[in-house]
Amino acid sequence: MDDIPGRIIENINVAPGYFRLVIRLERPLGKASPGQFVMLKIPGEEVFLRRPFSIFGSRGKTLVVMYRVAGKGTGCLSQALKKSPVMVLGPLGRGFTIKKRDAYLVVAGGIGFAGTRMLLEKLGEKATLFFGVGAKEELSVAEDLSGICVHVSTLDGSRGFRGDVVSLLGQHLDACRQKDMEVFACGPAGMVKSLRALLESGHIPCQVSVEERMACGMGLCFGCVVATNDEINPFKRVCKEGPVFSIWDLSL
Amino acid sequence: MDDIPGRIIENINVAPGYFRLVIRLERPLGKASPGQFVMLKIPGEEVFLRRPFSIFGSRGKTLVVMYRVAGKGTGCLSQALKKSPVMVLGPLGRGFTIKKRDAYLVVAGGIGFAGTRMLLEKLGEKATLFFGVGAKEELSVAEDLSGICVHVSTLDGSRGFRGDVVSLLGQHLDACRQKDMEVFACGPAGMVKSLRALLESGHIPCQVSVEERMACGMGLCFGCVVATNDEINPFKRVCKEGPVFSIWDLSL
Amino acid sequence: MGPLAVELFGKKFKNPVMNASGTLGYAVEIEPLWGVETMGACVTKGLSALAHHGNPVPRVWEERHGMINSIGLQNVGVERFFSDHFPFFVEKNTPIIVNFFGFSEDEYLSCAEKIRPHELIAALEMNLSCPNIKKGGISFGKEASTVYSMVRSVKGITDIPLIAKLTPEVKNLTEIAIAAYEAGADGLTLINTLPAAAVDVKKRNVPLKGGLSGPILRPVALRAVHECSKAVPIPIIGVGGIMDAQDALAFFMAGASAVQVGTATFVDPFAIPKIIAGMEAWLVSAGLDSIRAITGVTHE
Amino acid sequence: MGPLAVELFGKKFKNPVMNASGTLGYAVEIEPLWGVETMGACVTKGLSALAHHGNPVPRVWEERHGMINSIGLQNVGVERFFSDHFPFFVEKNTPIIVNFFGFSEDEYLSCAEKIRPHELIAALEMNLSCPNIKKGGISFGKEASTVYSMVRSVKGITDIPLIAKLTPEVKNLTEIAIAAYEAGADGLTLINTLPAAAVDVKKRNVPLKGGLSGPILRPVALRAVHECSKAVPIPIIGVGGIMDAQDALAFFMAGASAVQVGTATFVDPFAIPKIIAGMEAWLVSAGLDSIRAITGVTHE
Ligand SMILES: Cc1cc2nc3c(=O)[nH]c(=O)nc-3n(C[C@H](O)[C@H](O)[C@H](O)COP(=O)(O)OP(=O)(O)OC[C@H]3O[C@@H](n4cnc5c(N)ncnc54)[C@H](O)[C@@H]3O)c2cc1C
Ligand SMILES: Cc1cc2nc3c(=O)[nH]c(=O)nc-3n(C[C@H](O)[C@H](O)[C@H](O)COP(=O)(O)OP(=O)(O)OC[C@H]3O[C@@H](n4cnc5c(N)ncnc54)[C@H](O)[C@@H]3O)c2cc1C
Ligand SMILES: Cc1cc2nc3c(=O)[nH]c(=O)nc-3n(C[C@H](O)[C@H](O)[C@H](O)COP(=O)(O)O)c2cc1C
Ligand SMILES: Cc1cc2nc3c(=O)[nH]c(=O)nc-3n(C[C@H](O)[C@H](O)[C@H](O)COP(=O)(O)O)c2cc1C
Ligand code: FES
Ligand code: FES
């Protein structure tokens with residue numbers, strides 16, 4: 001973990017509301033595992049706290065983040081010019097744990113794809129991606145996947161399955177039931193809930209990356225907790241004990 | 001008076017610590033009289049309140065300000081890039097009142113020159129400028145004066161009279177005593193005090209531009225007062241009733 | 001009447017946005033930029049029975065996202081206000097709220113007495129943050145019992161609706177709000193500035209102590225409005241760090257019936273007209289036909 | 001010992017800079033970036049006799065130049081702290097100040113009792129902003145008489161130096177500071193967060209109420225330190241919105257003998273080491289050989 005100065009070298013609008021940010025760091029980011037994230041200081045004085053973003057890609061001194069404009073911070077970020085200075089704290093958190101399995105099903109909802117990008121790279125052909133978005137334009141977020149089987153859902157039906165990604169997964173799940181498989185997921189809270197409902201009966205192992213408001217991103221403030229089934233110490237820090245948890249440990 | 005958006009088109013270091021700022025406004029600044037000032041919103045979010053600056057020059061949509069780096073706000077301003085957006089509120093305050101006289105003696109201390117620049121332009125050849133600075137490098141602030149008689153003092157003796165500008169004025173004053181003359185001055189509080197001591201005996205009319213911390217610059221907050229001899233209402237607003245006062249009305 | 005119209009203290013206001021006392025001079029100063037009639041009402045500078053010269057400089061100090069002031073309540077006195085400045089409001093046909101103060105109960109009373117009812121005087125706003133010189137300079141607004149008796153005394157001598165403006169530097173603001181209400185206050189203005197000090201590191205001194213205002217006050221003011229508006233049934237005017245229409249809307253949602261804007265005007269002299277326009281645009285875009293639809297919506 | 005060395009509560013500290021309680025986790029979390037031994041002392045997370053789970057989310061909310069938190073004092077309990085986390089400080093040979101709280105007098109006492117003297121325990125820091133559940137949730141720090149009796153009780157059962165950490169939401173902080181001093185407190189920490197509320201305009205709700213921290217607290221904290229340090233002879237630890245060395249110096253000038261840094265670490269995780277280095281550089285450039293030279297210089 002390190003806090004590294006960097007400069008924006010690319011900040012482009014890849015789909016409505018989605019931006020690809022490329023940062024040139026002064027030093028390479030430490031080795032990151034899939035599911036880890038960084039805390040980014042947004043250029044300017046307007047945004048007080050840093051913002052958490054998944055590591056979309058990292059090689060040498062280059063860091064790639066994919067983000068969706070959600071509010072003040074990401075709005076400001078989307079206005080940032082090339083060469084603007086940033087600070088990057090990371091890699092942070094506990095990412096996905098990869099055990100040897102026959103099959104990996106990766107479920108990504110919208111910008112949640114950013115949290116699975118490195119994982120897909122690592123899993124390679126053994127992974128099947130279930131990617132759900134609102135409309136087909138958003139699919140360009142996941143353009144450069146090769147050798148991975150992808151199933152797509154759109155809420156408006158403009159491409160692939162019409163509906164949400166968990167229903168899409170449901171359709172494919174039976175075909176895989178026999179296998180030794182694991183589900184990895186990243187997406188909004190609603191998706192996580194319905195995913196759990198879907199997987200409940202089969203006792204399928206599932207790791208999910210969750211989101212919570214953060215102040216520090218490194219376990220200092222206890223601001224980002226999620227409720228788990230741990231009786232002694234139910235509230236776990238998303239930034240430290242997470243962001244990836246077994247879906248069965250969460251108290252949703 | 002108007003609040004006008006503008007962009008910085010030049011921000012150059014003309015002498016150690018002194019900057020010339022040229023702003024292109026969306027609309028022309030209203031007609032300004034010598035001694036008036038503007039409240040400038042410094043680019044970025046770091047500086048909360050606006051800062052007062054004398055109108056150094058104004059023609060059409062172009063405004064020129066000369067400033068010295070004094071603290072946080074002027075420090076930030078000196079870093080501002082070309083094209084940075086600013087807001088300019090003005091012209092503000094009550095400037096110098098010019099009555100017909102035989103001679104005008106203009107006394108400027110350091111950056112106080114900025115407060116007399118328009119006045120000198122208006123008075124033309126009838127004015128004699130007494131300009132005091134620390135060292136000769138600062139004289140470039142007043143480079144483009146033509147047809148005006150200038151006497152210079154430097155504290156370090158690197159050019160002209162060695163010492164402060166009020167002593168310099170003292171040396172010339174006797175020569176003019178007989179004439180119907182008026183002194184106009186702008187400079188630090190210490191200069192104003194010694195100027196008053198110098199002029200005390202001769203009852204020479206003298207208008208002086210004073211400085212005080214400001215929040216609004218337009219008479220709203222009563223933050224920028226100076227004590228006068230007015231018994232009923234001693235505290236006058238520098239931004240509204242001033243910045244120019246008769247030196248004899250001030251309670252120094 | 002548009003979607004921003006409100007009724008307060010039995011009077012109609014075309015919108016619920018006012019300047020905060022002491023931040024718009026005598027109001028005529030803003031005329032070159034926008035007309036005072038833009039606001040639902042104009043709040044006067046703090047007035048007292050006799051004129052006050054105020055404090056020596058420095059009177060203002062910049063802070064990150066805010067400022068400290070120590071103006072010292074400079075004003076021409078209530079009588080000269082009515083002879084010299086009130087005619088301006090009559091000419092502009094703009095309702096005013098007369099902010100007033102004193103350094104003793106008598107001073108409050110003698111000031112309030114001098115203010116005769118007039119159709120343009122919508123209310124009196126009693127600044128209770130003032131130091132009580134008989135009590136060693138402790139402000140009147142500190143104790144519920146003092147607030148109760150002060151409000152009651154003033155209510156006894158005037159027929160003009162009375163708003164109590166409270167200081168946040170107390171143990172329990174809700175208790176004070178209830179005391180003002182029980183004593184007969186027709187409304188509350190929340191909050192006045194927060195006592196603070198500036199340190200000049202270069203000069204190694206404390207150039208001034210005074211009241212903190214601006215955005216840094218906003219979360220404290222919102223809490224005050226949220227809690228007090230649940231506790232008392234009278235209208236609350238929210239003030240503290242409102243910079244834009246979103247900030248103003250937050251105060252209505254927290255329970256305010258009107259808002260005042262102070263420091264923002266120093267940063268952007270058009271802040272008030274922009275806030276009024278922004279609130280109106282927001283109501284339209286939200287499909288609401290009155291600001292009352294969101295007043296107190298956060299009280300679940 | 002360098003120019004930043006200070007002596008407090010009869011102990012020597014290599015510098016007078018600490019983290020603020022609750023803003024550095026259990027301290028081990030910062031190790032990947034810098035060592036906890038960089039600080040004069042490390043202040044623990046707030047501990048209680050029994051473990052606390054804390055509040056539901058959202059627990060943090062961003063404000064302009066600050067934040068609101070409502071962590072709810074989550075902690076593993078004082079016993080597990082000493083079994084699981086204290087060995088880390090022993091290994092790092094770093095003095096700690098143990099911040100603790102309770103929701104009743106008994107809870108405070110039973111927590112303090114469990115803390116056995118140790119050469120690395122420089123002091124206890126009693127967080128008096130806690131709600132007293134027996135008194136309807138009014139915080140202990142509100143009344144001088146309560147503060148007096150609470151401090152006195154704890155002093156009666158421990159030999160470790162005791163620091164009282166006060167809440168600013170009171171009528172008169174100086175009075176409270178005097179009460180803590182008279183009850184035997186060995187020092188004061190000023191100030192805890194300021195109660196505030198956030199409004200989510202989009203969702204039209206109040207997502208959380210909690211404590212305001214960060215730069216927006218600084219002018220209020222400076223005033224507290226300035227006034228209380230004149231009123232009591234015990235050392236004061238200043239805290240509230242310190243972001244850089246200049247801010248820290250302002251607190252010393254106002255009268256603090258040490259400072260704590262909280263929210264700044266979230267914005268810049270290296271804030272604390274930078275502040276220490278910056279203060280040292282400033283002292284050198286000012287030609288001063290000890291930080292004590294500027295402590296309280298503003299008290300004319
Ligand atoms: C571990 C982790 C990884 C993430 N990775 C990505 C990513 O790769 N790409 C991406 O676009 N987004 C990602 N997010 C979500 C992203 O952090 C938020 O969208 C962003 O912080 C919103 O900030 P804002 O100022 O634009 O929104 P505002 O709503 O104005 O933010 C206000 C505050 O709320 C917090 N907040 C708001 N929404 C969220 C959220 N969904 N999760 C956490 N905090 C939130 C902000 O951090 C900020 O403190 C991630 C979140 C977490 C926790
Ligand atoms: C009517 C008027 C005209 C002026 N014209 C010029 C000019 O043409 N060129 C120029 O360089 N300077 C001028 N000044 C002074 C200039 O406004 C200050 O140097 C500047 O505000 C300092 O801001 P800062 O943030 O850099 O300094 P800081 O000391 O960090 O400022 C902190 C606060 O103090 C105020 N302040 C500090 N010094 C002064 C001062 N001398 N006068 C007024 N307020 C001060 C600032 O406005 C700010 O609110 C003028 C001042 C006045 C009142
Ligand atoms: C320069 C200045 C002068 C003020 N004068 C008064 C006053 O005379 N009477 C009063 O009740 N409040 C006074 N206040 C307080 C404001 O009315 C308001 O309560 C406070 O500034 C918070 O609002 P803001 O953050 O929008 O400025 C003054 C505030 C400022 C900044
Ligand atoms: C996330 C967070 C948790 C805190 N927890 C505690 C605590 O457990 N005990 C305590 O006395 N103060 C606690 N505080 C208050 C801080 O110690 C400090 O007094 C306050 O944040 C002001 O300092 P700052 O502006 O530097 O953050 C906490 C503050 C924050 C932001
Ligand atoms: S964000 Fe601070 S502990 Fe997770
Ligand atoms: S600066 Fe506000 S009255 Fe002059």
# chains A, B, ... in the order shown; residues from 1 in each chain; ligands from 1
$ residues_near_ligand --ligand "ligand 4" --cutoff "6 Å" --atoms "only C-alpha atoms and all ligand atoms" --output "PyMOL selection string"
(chain A and resi 221) or (chain D and resi 20-23+45-46+69+73+127+191-193+213-214+239-242+261-263)
$ residues_near_ligand --ligand "ligand 6" --cutoff "7 Å" --atoms "only C-alpha atoms and all ligand atoms" --output "PyMOL selection string"
chain B and resi 213-225+237-240
$ residues_around --residues "D:Ala185" --least-positions-apart "2" --cutoff "12 Å" --atoms "only C-alpha atoms" --output "MDAnalysis selection string"
chainID D and resid 9 123:126 147:156 158:166 176:183 187:189 232:236
$ residues_near_ligand --ligand "ligand 1" --cutoff "7 Å" --atoms "only C-alpha atoms and all ligand atoms" --output "ChimeraX atom specification"
/A:37,49,51-56,65-75,111-112,114-115,210-215,239,243 /D:61-62
$ write_last_selection --atoms "C-alpha atoms" --output "PDB file, in the first residue's frame"
ATOM      1  CA  PHE A  37      -9.528  -0.690  -4.917  1.00  0.00           C
ATOM      2  CA  LEU A  49     -12.796  13.314   1.040  1.00  0.00           C
ATOM      3  CA  ARG A  51     -13.434   8.441  -3.374  1.00  0.00           C
ATOM      4  CA  PRO A  52     -13.114   4.657  -3.661  1.00  0.00           C
ATOM      5  CA  PHE A  53     -12.726   3.107  -7.122  1.00  0.00           C
ATOM      6  CA  SER A  54     -11.947  -0.448  -8.156  1.00  0.00           C
ATOM      7  CA  ILE A  55      -8.677  -1.054  -9.907  1.00  0.00           C
ATOM      8  CA  PHE A  56      -9.814  -1.575 -13.470  1.00  0.00           C
ATOM      9  CA  VAL A  65     -10.245   3.333 -13.426  1.00  0.00           C
ATOM     10  CA  MET A  66     -13.703   3.063 -14.935  1.00  0.00           C
ATOM     11  CA  TYR A  67     -16.314   5.234 -13.262  1.00  0.00           C
ATOM     12  CA  ARG A  68     -19.880   6.284 -13.514  1.00  0.00           C
ATOM     13  CA  VAL A  69     -20.964   9.823 -12.649  1.00  0.00           C
ATOM     14  CA  ALA A  70     -23.000   9.430  -9.477  1.00  0.00           C
ATOM     15  CA  GLY A  71     -22.763  12.757  -7.652  1.00  0.00           C
ATOM     16  CA  LYS A  72     -20.495  15.621  -6.713  1.00  0.00           C
ATOM     17  CA  GLY A  73     -17.159  13.821  -6.638  1.00  0.00           C
ATOM     18  CA  THR A  74     -17.524  11.809  -9.813  1.00  0.00           C
ATOM     19  CA  GLY A  75     -19.126  14.850 -11.453  1.00  0.00           C
ATOM     20  CA  ILE A 111     -20.471  -0.088 -13.124  1.00  0.00           C
ATOM     21  CA  GLY A 112     -20.008  -3.144 -10.887  1.00  0.00           C
ATOM     22  CA  ALA A 114     -15.237  -2.388 -12.864  1.00  0.00           C
ATOM     23  CA  GLY A 115     -14.922  -4.492  -9.718  1.00  0.00           C
ATOM     24  CA  VAL A 210     -19.982  -4.596  -1.573  1.00  0.00           C
ATOM     25  CA  GLU A 211     -20.034  -0.810  -1.528  1.00  0.00           C
ATOM     26  CA  GLU A 212     -20.357   1.566   1.389  1.00  0.00           C
ATOM     27  CA  ARG A 213     -19.620   5.248   2.000  1.00  0.00           C
ATOM     28  CA  MET A 214     -16.025   5.643   3.043  1.00  0.00           C
ATOM     29  CA  ALA A 215     -13.994   8.339   4.711  1.00  0.00           C
ATOM     30  CA  CYS A 239     -12.489  -1.177   3.177  1.00  0.00           C
ATOM     31  CA  PRO A 243     -14.882  -5.150   0.031  1.00  0.00           C
TER      32      PRO A 243
ATOM     33  CA  TRP D  61     -21.167  12.008   5.404  1.00  0.00           C
ATOM     34  CA  GLU D  62     -19.092  14.493   3.491  1.00  0.00           C
TER      35      GLU D  62
END
$ residues_around --residues "C:Phe270" --least-positions-apart "6" --cutoff "10 Å" --atoms "only C-alpha atoms" --output "PyMOL selection string"
(chain B and resi 3) or (chain C and resi 30+33-34+264)
$ residues_around --residues "stretch 144-155 of chain A" --least-positions-apart "3" --cutoff "7 Å" --atoms "only C-alpha atoms" --output "list in words"
Gly124, Glu125, Ala127, Thr128, Leu129, Phe130, Phe131, Gly132, Val133, Gly134, Ala135, Lys136, Ser158, Arg159, Gly160, Phe161, Arg162, Gly163, Asp164, Val165 and Leu168 of chain A
$ write_last_selection --atoms "N, CA, C and O atoms" --output "CSV table (one decimal), in the first residue's frame"
chain,number,residue,atom,x,y,z
A,124,GLY,N,-9.6,-16.0,-16.8
A,124,GLY,CA,-9.5,-16.3,-18.2
A,124,GLY,C,-10.7,-17.1,-18.7
A,124,GLY,O,-11.9,-16.9,-18.3
A,125,GLU,N,-10.4,-18.2,-19.4
A,125,GLU,CA,-11.5,-18.9,-20.1
A,125,GLU,C,-12.4,-19.7,-19.2
A,125,GLU,O,-13.4,-20.2,-19.6
A,127,ALA,N,-13.9,-18.5,-16.9
A,127,ALA,CA,-15.0,-17.7,-16.4
A,127,ALA,C,-16.1,-17.5,-17.4
A,127,ALA,O,-15.9,-17.5,-18.6
A,128,THR,N,-17.3,-17.4,-16.9
A,128,THR,CA,-18.5,-16.9,-17.7
A,128,THR,C,-19.0,-15.6,-17.1
A,128,THR,O,-19.2,-15.6,-15.9
A,129,LEU,N,-19.1,-14.6,-17.9
A,129,LEU,CA,-19.5,-13.3,-17.4
A,129,LEU,C,-21.0,-13.1,-17.7
A,129,LEU,O,-21.5,-13.3,-18.8
A,130,PHE,N,-21.7,-12.7,-16.6
A,130,PHE,CA,-23.1,-12.3,-16.8
A,130,PHE,C,-23.1,-10.8,-16.5
A,130,PHE,O,-22.8,-10.4,-15.4
A,131,PHE,N,-23.4,-10.0,-17.5
A,131,PHE,CA,-23.2,-8.6,-17.4
A,131,PHE,C,-24.6,-7.9,-17.7
A,131,PHE,O,-25.2,-8.0,-18.7
A,132,GLY,N,-25.1,-7.2,-16.6
A,132,GLY,CA,-26.4,-6.6,-16.8
A,132,GLY,C,-26.2,-5.1,-16.8
A,132,GLY,O,-25.5,-4.5,-16.0
A,133,VAL,N,-26.9,-4.4,-17.7
A,133,VAL,CA,-26.9,-3.0,-17.8
A,133,VAL,C,-28.3,-2.5,-18.1
A,133,VAL,O,-29.2,-3.3,-18.3
A,134,GLY,N,-28.4,-1.1,-18.2
A,134,GLY,CA,-29.7,-0.6,-18.5
A,134,GLY,C,-30.0,-0.7,-20.0
A,134,GLY,O,-31.1,-1.1,-20.4
A,135,ALA,N,-29.1,-0.2,-20.7
A,135,ALA,CA,-29.3,-0.2,-22.2
A,135,ALA,C,-28.0,-0.5,-22.9
A,135,ALA,O,-26.9,-0.4,-22.3
A,136,LYS,N,-28.1,-0.9,-24.1
A,136,LYS,CA,-26.9,-1.5,-24.8
A,136,LYS,C,-25.7,-0.6,-24.9
A,136,LYS,O,-24.5,-1.0,-24.9
A,158,SER,N,-32.6,-3.7,-25.2
A,158,SER,CA,-31.9,-3.3,-26.5
A,158,SER,C,-30.8,-4.2,-26.9
A,158,SER,O,-30.3,-4.2,-28.0
A,159,ARG,N,-30.4,-5.1,-26.1
A,159,ARG,CA,-29.4,-6.1,-26.4
A,159,ARG,C,-29.6,-7.3,-25.5
A,159,ARG,O,-29.9,-7.1,-24.3
A,160,GLY,N,-29.4,-8.5,-26.0
A,160,GLY,CA,-29.4,-9.7,-25.1
A,160,GLY,C,-30.7,-9.9,-24.4
A,160,GLY,O,-31.8,-9.6,-24.9
A,161,PHE,N,-30.6,-10.5,-23.2
A,161,PHE,CA,-31.8,-10.8,-22.4
A,161,PHE,C,-32.4,-9.5,-21.9
A,161,PHE,O,-31.7,-8.6,-21.4
A,162,ARG,N,-33.8,-9.4,-21.9
A,162,ARG,CA,-34.4,-8.3,-21.4
A,162,ARG,C,-34.8,-8.5,-19.9
A,162,ARG,O,-35.6,-9.4,-19.6
A,163,GLY,N,-34.1,-7.7,-19.1
A,163,GLY,CA,-34.4,-7.9,-17.6
A,163,GLY,C,-33.1,-7.7,-16.9
A,163,GLY,O,-32.1,-7.2,-17.4
A,164,ASP,N,-33.2,-8.1,-15.6
A,164,ASP,CA,-32.0,-7.9,-14.8
A,164,ASP,C,-31.0,-9.1,-14.8
A,164,ASP,O,-31.4,-10.2,-15.2
A,165,VAL,N,-29.8,-8.8,-14.4
A,165,VAL,CA,-28.8,-9.8,-14.6
A,165,VAL,C,-28.9,-11.1,-13.7
A,165,VAL,O,-28.5,-12.1,-14.1
A,168,LEU,N,-31.1,-13.4,-15.5
A,168,LEU,CA,-30.3,-14.0,-16.6
A,168,LEU,C,-29.5,-15.1,-16.1
A,168,LEU,O,-29.5,-16.2,-16.6
